[in-house]
Amino acid sequence: MESSFAITGKDYTLIVSDTSAAHSIVRMKDDEDKMRVLSPHLVMAYNGEPGDTVQFAEYVQRNLRLYGIRNNVELRPAAAAAWTRRELADSLRSRSPYQVNLLLAGFDVPSSRPALYWIDYLGTLASVPYAAHGYASFFVTSTLDRYHTPGASLEEGLELARRCADEVEKRLIVSGGGWKVRVVDREGAREIKLREGQA
Amino acid sequence: MSRSYDRALTVFSPDGHLFQVEYALEAVRKGTCAVGVRGKDTVILGVEKKSVLQLQDPRTVRKVVMLDDHVCLAFAGLTADGRVLIDKARIECQSHRLTVEDPVSVEYITRHIAGIQQRYTQSGGVRPFGVSTLIIGFDPHDAIPRLYMTEPSGIYTAWKANSIGRSSKTVREFLEKNYADDLDEAGAVKLTIKSLLEVVQTGAKNIEISVMRKDGEVKNLSLDEISEIVVEVEKEKEAEAERKRGRLAATLAAQGGMLESGAGATGA
């Protein structure tokens, strides 16, 4: 049910999350936003233990904002990812670890490059051109392996994202409700529609 | 021995004064001047910038700081004490957002800062903060501008316009004479600059102005913009002085005329 994937392109990163919030066999909500905008050029999608996810995501959001206000500059994606990973690694060795998997999508303004990091609850960090978490990863990873090209335009990226979403909708036994898509580029982070006519 | 640090440094005098707190206020009076003015839908912070020494990098001296997206602060007094207080306030702003999912109200963060300042007047082994602060901002989803002041004693008060630091009394009196309710942005900025000019003899290059609007946007006026307004203010002062001189001359002339005719009358 919990699916998220992300794709980097020429000068942007696309990040997609499903929008269903379920509790055992009941779908509570189908317009849940499973992302948090951490800073003007950084978006994080989270999966995992309900409660832990939002708690950790907001904790990261507030600390990155504090960094921004204290130092009058945004923390770059690589540094933000390193800090987040460190928090998860410390949490793992505590009494009750956060069970949260993350995708960190950003745009590194100084070098004008898109950034994407795959982080899991054990504190694994990988900088990747495309990635997925949750059930989607079973299907989407091979799709992206086959069709991803570095340096793709935003339209091509969206096309690829649609292909991935179609794959998940076709093969995953439970419906994901819908998809929430955000793109991060030089201008910042904004929501974007995956398909025309979609809510 | 650590036991000697448990003793409070701020103790009452026989006549009920907390001298350490009053000395802290003295330290504040030595700091550079800061002025806050509330307009109809904007609030302005103006500060006196100390002249940058020749070899110093001017960018490292910032007197008006952001506590959160919608709250700004200027302080007068010991810079290092101010820095510590600001950091504590910034952490509280984010912590508040994390726990209640709402940005702080200006009164809340003022109360928090004042609380910290008060705590340091009633704890062992520490001295009060030698800082007074002016805090400006807008509450979330609100269009009313706010201005608060805190003191080393931990007192906090809300103001329509106020000043702290060097010659704050002079500036406050000027504000009392010249403040009007519902000033628009330009009027409020002009009043702030005019009041600072009472203290800052060297003009625009030693003045820094921050304007906050209800959308949370903070604008720092450039040196050119400030200079322009300073020139305007000087011109108005000149014109006023000219008018006074003209009136005085006219009065003297009239008096002289009366004397002459009087003398003539008696003489004749």
# chains A, B, ... in the order shown; residues from 1 in each chain; ligands from 1

call {"tool": "interface_residues", "arguments": {"of": "chain A", "to": "chain B", "cutoff": "12 Å", "atoms": "only C-alpha atoms", "output": "MDAnalysis selection string"}}
result
chainID A and resid 54:72

call {"tool": "residues_around", "arguments": {"residues": "Pro150 in chain A", "least_positions_apart": "6", "cutoff": "12 Å", "atoms": "only C-alpha atoms", "output": "PDB file with all heavy atoms, in the first residue's frame"}}
result
ATOM      1  N   ILE A   7      12.411  10.303  -9.188  1.00  0.00           N
ATOM      2  CA  ILE A   7      13.205  10.268 -10.422  1.00  0.00           C
ATOM      3  C   ILE A   7      13.960  11.582 -10.566  1.00  0.00           C
ATOM      4  O   ILE A   7      13.367  12.646 -10.392  1.00  0.00           O
ATOM      5  CB  ILE A   7      12.264  10.125 -11.651  1.00  0.00           C
ATOM      6  CG1 ILE A   7      11.370   8.895 -11.499  1.00  0.00           C
ATOM      7  CG2 ILE A   7      13.054  10.055 -12.942  1.00  0.00           C
ATOM      8  CD1 ILE A   7      10.189   8.914 -12.438  1.00  0.00           C
ATOM      9  N   THR A   8      15.254  11.504 -10.889  1.00  0.00           N
ATOM     10  CA  THR A   8      15.965  12.750 -11.195  1.00  0.00           C
ATOM     11  C   THR A   8      16.030  12.926 -12.699  1.00  0.00           C
ATOM     12  O   THR A   8      16.026  11.960 -13.459  1.00  0.00           O
ATOM     13  CB  THR A   8      17.411  12.732 -10.656  1.00  0.00           C
ATOM     14  OG1 THR A   8      18.089  11.595 -11.218  1.00  0.00           O
ATOM     15  CG2 THR A   8      17.437  12.653  -9.157  1.00  0.00           C
ATOM     16  N   GLY A   9      16.083  14.173 -13.107  1.00  0.00           N
ATOM     17  CA  GLY A   9      16.170  14.478 -14.535  1.00  0.00           C
ATOM     18  C   GLY A   9      17.270  15.490 -14.763  1.00  0.00           C
ATOM     19  O   GLY A   9      18.208  15.612 -13.977  1.00  0.00           O
ATOM     20  N   LYS A  10      17.117  16.257 -15.805  1.00  0.00           N
ATOM     21  CA  LYS A  10      18.182  17.182 -16.214  1.00  0.00           C
ATOM     22  C   LYS A  10      18.440  18.209 -15.125  1.00  0.00           C
ATOM     23  O   LYS A  10      19.568  18.446 -14.727  1.00  0.00           O
ATOM     24  CB  LYS A  10      17.751  17.868 -17.505  1.00  0.00           C
ATOM     25  CG  LYS A  10      18.750  18.850 -18.043  1.00  0.00           C
ATOM     26  CD  LYS A  10      18.486  19.046 -19.538  1.00  0.00           C
ATOM     27  CE  LYS A  10      19.416  20.082 -20.112  1.00  0.00           C
ATOM     28  NZ  LYS A  10      18.918  21.449 -19.923  1.00  0.00           N
ATOM     29  N   ASP A  11      17.373  18.864 -14.639  1.00  0.00           N
ATOM     30  CA  ASP A  11      17.572  19.928 -13.652  1.00  0.00           C
ATOM     31  C   ASP A  11      16.405  19.951 -12.670  1.00  0.00           C
ATOM     32  O   ASP A  11      15.973  20.999 -12.234  1.00  0.00           O
ATOM     33  CB  ASP A  11      17.688  21.280 -14.352  1.00  0.00           C
ATOM     34  CG  ASP A  11      16.550  21.494 -15.344  1.00  0.00           C
ATOM     35  OD1 ASP A  11      15.614  20.669 -15.376  1.00  0.00           O
ATOM     36  OD2 ASP A  11      16.602  22.482 -16.088  1.00  0.00           O
ATOM     37  N   TYR A  12      15.897  18.752 -12.369  1.00  0.00           N
ATOM     38  CA  TYR A  12      14.761  18.664 -11.455  1.00  0.00           C
ATOM     39  C   TYR A  12      14.786  17.286 -10.805  1.00  0.00           C
ATOM     40  O   TYR A  12      15.458  16.364 -11.286  1.00  0.00           O
ATOM     41  CB  TYR A  12      13.427  18.821 -12.221  1.00  0.00           C
ATOM     42  CG  TYR A  12      13.199  17.683 -13.183  1.00  0.00           C
ATOM     43  CD1 TYR A  12      12.562  16.506 -12.774  1.00  0.00           C
ATOM     44  CD2 TYR A  12      13.673  17.745 -14.488  1.00  0.00           C
ATOM     45  CE1 TYR A  12      12.411  15.442 -13.636  1.00  0.00           C
ATOM     46  CE2 TYR A  12      13.523  16.686 -15.352  1.00  0.00           C
ATOM     47  CZ  TYR A  12      12.891  15.538 -14.918  1.00  0.00           C
ATOM     48  OH  TYR A  12      12.745  14.487 -15.779  1.00  0.00           O
ATOM     49  N   THR A  13      14.020  17.155  -9.725  1.00  0.00           N
ATOM     50  CA  THR A  13      13.761  15.825  -9.169  1.00  0.00           C
ATOM     51  C   THR A  13      12.258  15.707  -8.978  1.00  0.00           C
ATOM     52  O   THR A  13      11.623  16.608  -8.436  1.00  0.00           O
ATOM     53  CB  THR A  13      14.460  15.646  -7.802  1.00  0.00           C
ATOM     54  OG1 THR A  13      15.808  16.074  -7.903  1.00  0.00           O
ATOM     55  CG2 THR A  13      14.413  14.208  -7.348  1.00  0.00           C
ATOM     56  N   ARG A 113      22.479  20.968  -9.590  1.00  0.00           N
ATOM     57  CA  ARG A 113      22.232  19.565  -9.911  1.00  0.00           C
ATOM     58  C   ARG A 113      21.075  19.049  -9.075  1.00  0.00           C
ATOM     59  O   ARG A 113      20.946  19.403  -7.903  1.00  0.00           O
ATOM     60  CB  ARG A 113      23.478  18.732  -9.574  1.00  0.00           C
ATOM     61  CG  ARG A 113      24.732  19.240 -10.257  1.00  0.00           C
ATOM     62  CD  ARG A 113      25.128  18.373 -11.420  1.00  0.00           C
ATOM     63  NE  ARG A 113      25.498  17.043 -11.010  1.00  0.00           N
ATOM     64  CZ  ARG A 113      26.710  16.687 -10.617  1.00  0.00           C
ATOM     65  NH1 ARG A 113      27.672  17.576 -10.563  1.00  0.00           N
ATOM     66  NH2 ARG A 113      26.954  15.449 -10.283  1.00  0.00           N
ATOM     67  N   PRO A 114      20.250  18.164  -9.660  1.00  0.00           N
ATOM     68  CA  PRO A 114      19.207  17.546  -8.844  1.00  0.00           C
ATOM     69  C   PRO A 114      19.831  16.540  -7.880  1.00  0.00           C
ATOM     70  O   PRO A 114      20.912  16.015  -8.141  1.00  0.00           O
ATOM     71  CB  PRO A 114      18.336  16.828  -9.880  1.00  0.00           C
ATOM     72  CG  PRO A 114      19.239  16.578 -11.028  1.00  0.00           C
ATOM     73  CD  PRO A 114      20.263  17.664 -11.041  1.00  0.00           C
ATOM     74  N   VAL A 128      21.157   8.339  -5.353  1.00  0.00           N
ATOM     75  CA  VAL A 128      20.731   7.538  -6.499  1.00  0.00           C
ATOM     76  C   VAL A 128      20.069   8.396  -7.570  1.00  0.00           C
ATOM     77  O   VAL A 128      19.560   9.460  -7.268  1.00  0.00           O
ATOM     78  CB  VAL A 128      19.712   6.452  -6.057  1.00  0.00           C
ATOM     79  CG1 VAL A 128      20.418   5.324  -5.353  1.00  0.00           C
ATOM     80  CG2 VAL A 128      18.651   7.061  -5.165  1.00  0.00           C
ATOM     81  N   PRO A 129      20.048   7.927  -8.827  1.00  0.00           N
ATOM     82  CA  PRO A 129      19.363   8.683  -9.882  1.00  0.00           C
ATOM     83  C   PRO A 129      17.851   8.460  -9.844  1.00  0.00           C
ATOM     84  O   PRO A 129      17.093   9.277 -10.338  1.00  0.00           O
ATOM     85  CB  PRO A 129      19.947   8.120 -11.174  1.00  0.00           C
ATOM     86  CG  PRO A 129      20.460   6.779 -10.816  1.00  0.00           C
ATOM     87  CD  PRO A 129      20.817   6.792  -9.366  1.00  0.00           C
ATOM     88  N   TYR A 130      17.404   7.332  -9.296  1.00  0.00           N
ATOM     89  CA  TYR A 130      15.986   7.057  -9.129  1.00  0.00           C
ATOM     90  C   TYR A 130      15.850   6.032  -8.012  1.00  0.00           C
ATOM     91  O   TYR A 130      16.792   5.284  -7.743  1.00  0.00           O
ATOM     92  CB  TYR A 130      15.339   6.531 -10.429  1.00  0.00           C
ATOM     93  CG  TYR A 130      16.069   5.369 -11.037  1.00  0.00           C
ATOM     94  CD1 TYR A 130      15.840   4.063 -10.607  1.00  0.00           C
ATOM     95  CD2 TYR A 130      16.992   5.566 -12.059  1.00  0.00           C
ATOM     96  CE1 TYR A 130      16.519   2.999 -11.154  1.00  0.00           C
ATOM     97  CE2 TYR A 130      17.678   4.509 -12.604  1.00  0.00           C
ATOM     98  CZ  TYR A 130      17.443   3.229 -12.156  1.00  0.00           C
ATOM     99  OH  TYR A 130      18.123   2.181 -12.706  1.00  0.00           O
ATOM    100  N   LEU A 144      12.069   1.500 -13.869  1.00  0.00           N
ATOM    101  CA  LEU A 144      13.011   2.625 -13.930  1.00  0.00           C
ATOM    102  C   LEU A 144      14.361   2.170 -14.484  1.00  0.00           C
ATOM    103  O   LEU A 144      15.010   2.887 -15.250  1.00  0.00           O
ATOM    104  CB  LEU A 144      13.177   3.245 -12.537  1.00  0.00           C
ATOM    105  CG  LEU A 144      11.957   4.022 -12.043  1.00  0.00           C
ATOM    106  CD1 LEU A 144      12.100   4.382 -10.565  1.00  0.00           C
ATOM    107  CD2 LEU A 144      11.748   5.283 -12.857  1.00  0.00           C
ATOM    108  N   GLU A 156       9.495  14.297 -20.072  1.00  0.00           N
ATOM    109  CA  GLU A 156       9.915  12.893 -20.166  1.00  0.00           C
ATOM    110  C   GLU A 156       9.858  12.243 -18.785  1.00  0.00           C
ATOM    111  O   GLU A 156       9.464  11.093 -18.632  1.00  0.00           O
ATOM    112  CB  GLU A 156      11.332  12.809 -20.736  1.00  0.00           C
ATOM    113  CG  GLU A 156      11.385  13.142 -22.215  1.00  0.00           C
ATOM    114  CD  GLU A 156      12.802  13.342 -22.731  1.00  0.00           C
ATOM    115  OE1 GLU A 156      13.690  13.684 -21.907  1.00  0.00           O
ATOM    116  OE2 GLU A 156      13.009  13.165 -23.931  1.00  0.00           O
ATOM    117  N   GLY A 157      10.273  13.016 -17.759  1.00  0.00           N
ATOM    118  CA  GLY A 157      10.246  12.500 -16.405  1.00  0.00           C
ATOM    119  C   GLY A 157       8.834  12.165 -15.966  1.00  0.00           C
ATOM    120  O   GLY A 157       8.578  11.124 -15.364  1.00  0.00           O
ATOM    121  N   LEU A 160       7.659   9.038 -17.568  1.00  0.00           N
ATOM    122  CA  LEU A 160       8.218   7.877 -16.872  1.00  0.00           C
ATOM    123  C   LEU A 160       7.466   7.623 -15.561  1.00  0.00           C
ATOM    124  O   LEU A 160       7.159   6.474 -15.214  1.00  0.00           O
ATOM    125  CB  LEU A 160       9.706   8.116 -16.606  1.00  0.00           C
ATOM    126  CG  LEU A 160      10.494   6.994 -15.936  1.00  0.00           C
ATOM    127  CD1 LEU A 160      10.332   5.686 -16.693  1.00  0.00           C
ATOM    128  CD2 LEU A 160      11.965   7.373 -15.845  1.00  0.00           C
TER     129      LEU A 160
END

call {"tool": "atom_distance", "arguments": {"atom1": "CA of Val211 in chain B", "atom2": "CA of Tyr179 in chain B"}}
result
17.1 Å

call {"tool": "residues_around", "arguments": {"residues": "Ser51 in chain B", "least_positions_apart": "5", "cutoff": "12 Å", "atoms": "only C-alpha atoms", "output": "PyMOL selection string"}}
result
chain B and resi 32+56-58+61+200-208

call {"tool": "write_last_selection", "arguments": {"atoms": "N, CA, C and O atoms", "output": "short mmCIF file (atom, residue, chain, number, x, y, z; two decimals), in the first residue's frame"}}
result
data_model
loop_
_atom_site.label_atom_id
_atom_site.label_comp_id
_atom_site.auth_asym_id
_atom_site.auth_seq_id
_atom_site.Cartn_x
_atom_site.Cartn_y
_atom_site.Cartn_z
N THR B 32 23.86 50.50 21.30
CA THR B 32 23.39 51.35 20.21
C THR B 32 21.87 51.38 20.19
O THR B 32 21.21 50.42 20.56
N GLN B 56 37.30 45.80 9.36
CA GLN B 56 36.23 44.88 9.73
C GLN B 56 35.33 44.58 8.53
O GLN B 56 35.10 45.44 7.68
N ASP B 57 34.82 43.36 8.48
CA ASP B 57 33.88 42.96 7.43
C ASP B 57 32.47 43.38 7.87
O ASP B 57 31.97 42.85 8.84
N PRO B 58 31.85 44.33 7.18
CA PRO B 58 30.56 44.86 7.67
C PRO B 58 29.44 43.83 7.68
O PRO B 58 28.47 43.99 8.39
N VAL B 61 28.13 42.10 11.09
CA VAL B 61 27.43 42.80 12.17
C VAL B 61 25.97 42.96 11.79
O VAL B 61 25.63 43.76 10.95
N VAL B 200 21.53 59.64 15.81
CA VAL B 200 22.61 59.29 14.89
C VAL B 200 23.00 60.53 14.11
O VAL B 200 22.32 60.93 13.18
N GLN B 201 24.12 61.12 14.49
CA GLN B 201 24.51 62.37 13.84
C GLN B 201 25.05 62.13 12.44
O GLN B 201 24.99 63.01 11.58
N THR B 202 25.62 60.95 12.22
CA THR B 202 26.35 60.76 10.98
C THR B 202 25.47 60.37 9.80
O THR B 202 25.96 60.18 8.71
N GLY B 203 24.17 60.26 9.99
CA GLY B 203 23.29 60.12 8.84
C GLY B 203 22.99 58.70 8.40
O GLY B 203 23.11 57.76 9.16
N ALA B 204 22.61 58.58 7.12
CA ALA B 204 22.03 57.34 6.59
C ALA B 204 22.94 56.13 6.70
O ALA B 204 22.50 55.01 6.89
N LYS B 205 24.26 56.34 6.61
CA LYS B 205 25.11 55.15 6.54
C LYS B 205 25.20 54.45 7.89
O LYS B 205 25.71 53.33 7.98
N ASN B 206 24.71 55.09 8.95
CA ASN B 206 24.73 54.41 10.24
C ASN B 206 23.35 54.02 10.71
O ASN B 206 23.11 53.83 11.89
N ILE B 207 22.42 53.93 9.74
CA ILE B 207 21.05 53.53 10.08
C ILE B 207 20.68 52.30 9.28
O ILE B 207 20.98 52.19 8.09
N GLU B 208 20.01 51.37 9.95
CA GLU B 208 19.52 50.17 9.27
C GLU B 208 18.03 50.08 9.56
O GLU B 208 17.62 50.20 10.71
#

call {"tool": "select_by_dssp", "arguments": {"residues": "range 23-215 of chain B", "states": "strand (DSSP E or B)", "output": "number ranges by chain"}}
result
B: 34-38, 42-48, 64-68, 71-77, 124, 131-138, 145-150, 156-158, 161-164, 207-213

call {"tool": "closest_residue", "arguments": {"among": "B:Leu78, B:Ile116, B:Leu223, B:Ala143", "to": "Val28 in chain B", "atoms": "only C-alpha atoms"}}
result
B:Leu78

call {"tool": "closest_residue", "arguments": {"among": "B:Glu228, B:Gly39, B:Val189, B:Glu198", "to": "Thr170 in chain B", "atoms": "only C-alpha atoms"}}
result
B:Glu198

call {"tool": "decode", "arguments": {"residues": "range 7-36 of chain B", "atoms": "N, CA and C atoms", "output": "mmCIF file, in the first residue's frame"}}
result
data_model
loop_
_atom_site.group_PDB
_atom_site.id
_atom_site.type_symbol
_atom_site.label_atom_id
_atom_site.label_comp_id
_atom_site.auth_asym_id
_atom_site.auth_seq_id
_atom_site.Cartn_x
_atom_site.Cartn_y
_atom_site.Cartn_z
ATOM 1 N N ARG B 7 25.174 30.268 45.207
ATOM 2 C CA ARG B 7 24.657 31.493 45.805
ATOM 3 C C ARG B 7 24.145 32.408 44.707
ATOM 4 N N ALA B 8 23.012 33.054 44.960
ATOM 5 C CA ALA B 8 22.466 33.983 43.968
ATOM 6 C C ALA B 8 23.305 35.248 43.933
ATOM 7 N N LEU B 9 23.519 35.767 42.712
ATOM 8 C CA LEU B 9 24.275 37.003 42.561
ATOM 9 C C LEU B 9 23.350 38.206 42.623
ATOM 10 N N THR B 10 22.082 37.956 42.246
ATOM 11 C CA THR B 10 21.110 39.049 42.247
ATOM 12 C C THR B 10 20.290 38.955 43.515
ATOM 13 N N VAL B 11 20.595 39.813 44.465
ATOM 14 C CA VAL B 11 19.874 39.779 45.737
ATOM 15 C C VAL B 11 19.275 41.157 46.008
ATOM 16 N N PHE B 12 18.273 41.181 46.871
ATOM 17 C CA PHE B 12 17.610 42.443 47.188
ATOM 18 C C PHE B 12 18.507 43.320 48.036
ATOM 19 N N SER B 13 18.382 44.624 47.805
ATOM 20 C CA SER B 13 19.028 45.591 48.695
ATOM 21 C C SER B 13 18.018 45.916 49.795
ATOM 22 N N PRO B 14 18.471 46.566 50.881
ATOM 23 C CA PRO B 14 17.539 46.858 51.987
ATOM 24 C C PRO B 14 16.317 47.657 51.547
ATOM 25 N N ASP B 15 16.485 48.510 50.530
ATOM 26 C CA ASP B 15 15.322 49.308 50.126
ATOM 27 C C ASP B 15 14.589 48.703 48.923
ATOM 28 N N GLY B 16 14.768 47.419 48.701
ATOM 29 C CA GLY B 16 13.934 46.705 47.736
ATOM 30 C C GLY B 16 14.412 46.767 46.302
ATOM 31 N N HIS B 17 15.642 47.204 46.062
ATOM 32 C CA HIS B 17 16.154 47.241 44.687
ATOM 33 C C HIS B 17 16.902 45.953 44.365
ATOM 34 N N LEU B 18 16.868 45.583 43.108
ATOM 35 C CA LEU B 18 17.752 44.526 42.617
ATOM 36 C C LEU B 18 18.834 45.249 41.843
ATOM 37 N N PHE B 19 19.948 45.497 42.495
ATOM 38 C CA PHE B 19 20.956 46.349 41.861
ATOM 39 C C PHE B 19 21.534 45.734 40.599
ATOM 40 N N GLN B 20 21.719 44.418 40.599
ATOM 41 C CA GLN B 20 22.275 43.781 39.407
ATOM 42 C C GLN B 20 21.388 44.041 38.192
ATOM 43 N N VAL B 21 20.082 44.000 38.409
ATOM 44 C CA VAL B 21 19.153 44.251 37.298
ATOM 45 C C VAL B 21 19.260 45.704 36.849
ATOM 46 N N GLU B 22 19.383 46.594 37.828
ATOM 47 C CA GLU B 22 19.494 48.017 37.455
ATOM 48 C C GLU B 22 20.808 48.292 36.749
ATOM 49 N N TYR B 23 21.870 47.617 37.180
ATOM 50 C CA TYR B 23 23.139 47.769 36.478
ATOM 51 C C TYR B 23 23.023 47.206 35.067
ATOM 52 N N ALA B 24 22.252 46.125 34.930
ATOM 53 C CA ALA B 24 22.048 45.560 33.586
ATOM 54 C C ALA B 24 21.375 46.593 32.686
ATOM 55 N N LEU B 25 20.409 47.316 33.252
ATOM 56 C CA LEU B 25 19.745 48.373 32.474
ATOM 57 C C LEU B 25 20.743 49.450 32.069
ATOM 58 N N GLU B 26 21.725 49.706 32.940
ATOM 59 C CA GLU B 26 22.788 50.651 32.584
ATOM 60 C C GLU B 26 23.562 50.156 31.381
ATOM 61 N N ALA B 27 23.827 48.858 31.389
ATOM 62 C CA ALA B 27 24.563 48.276 30.253
ATOM 63 C C ALA B 27 23.759 48.453 28.968
ATOM 64 N N VAL B 28 22.448 48.305 29.108
ATOM 65 C CA VAL B 28 21.578 48.482 27.934
ATOM 66 C C VAL B 28 21.671 49.909 27.435
ATOM 67 N N ARG B 29 21.729 50.845 28.377
ATOM 68 C CA ARG B 29 21.782 52.262 27.977
ATOM 69 C C ARG B 29 23.063 52.592 27.244
ATOM 70 N N LYS B 30 24.057 51.729 27.341
ATOM 71 C CA LYS B 30 25.294 51.987 26.626
ATOM 72 C C LYS B 30 25.249 51.424 25.212
ATOM 73 N N GLY B 31 24.272 50.568 24.953
ATOM 74 C CA GLY B 31 24.215 49.931 23.631
ATOM 75 C C GLY B 31 23.689 50.877 22.571
ATOM 76 N N THR B 32 23.855 50.498 21.300
ATOM 77 C CA THR B 32 23.389 51.355 20.214
ATOM 78 C C THR B 32 21.866 51.385 20.186
ATOM 79 N N CYS B 33 21.351 52.488 19.705
ATOM 80 C CA CYS B 33 19.912 52.742 19.778
ATOM 81 C C CYS B 33 19.126 51.858 18.809
ATOM 82 N N ALA B 34 17.961 51.424 19.249
ATOM 83 C CA ALA B 34 17.046 50.701 18.347
ATOM 84 C C ALA B 34 15.653 51.284 18.550
ATOM 85 N N VAL B 35 14.914 51.438 17.456
ATOM 86 C CA VAL B 35 13.581 52.049 17.508
ATOM 87 C C VAL B 35 12.571 51.129 16.837
ATOM 88 N N GLY B 36 11.388 51.015 17.436
ATOM 89 C CA GLY B 36 10.318 50.250 16.796
ATOM 90 C C GLY B 36 9.102 51.143 16.662
#
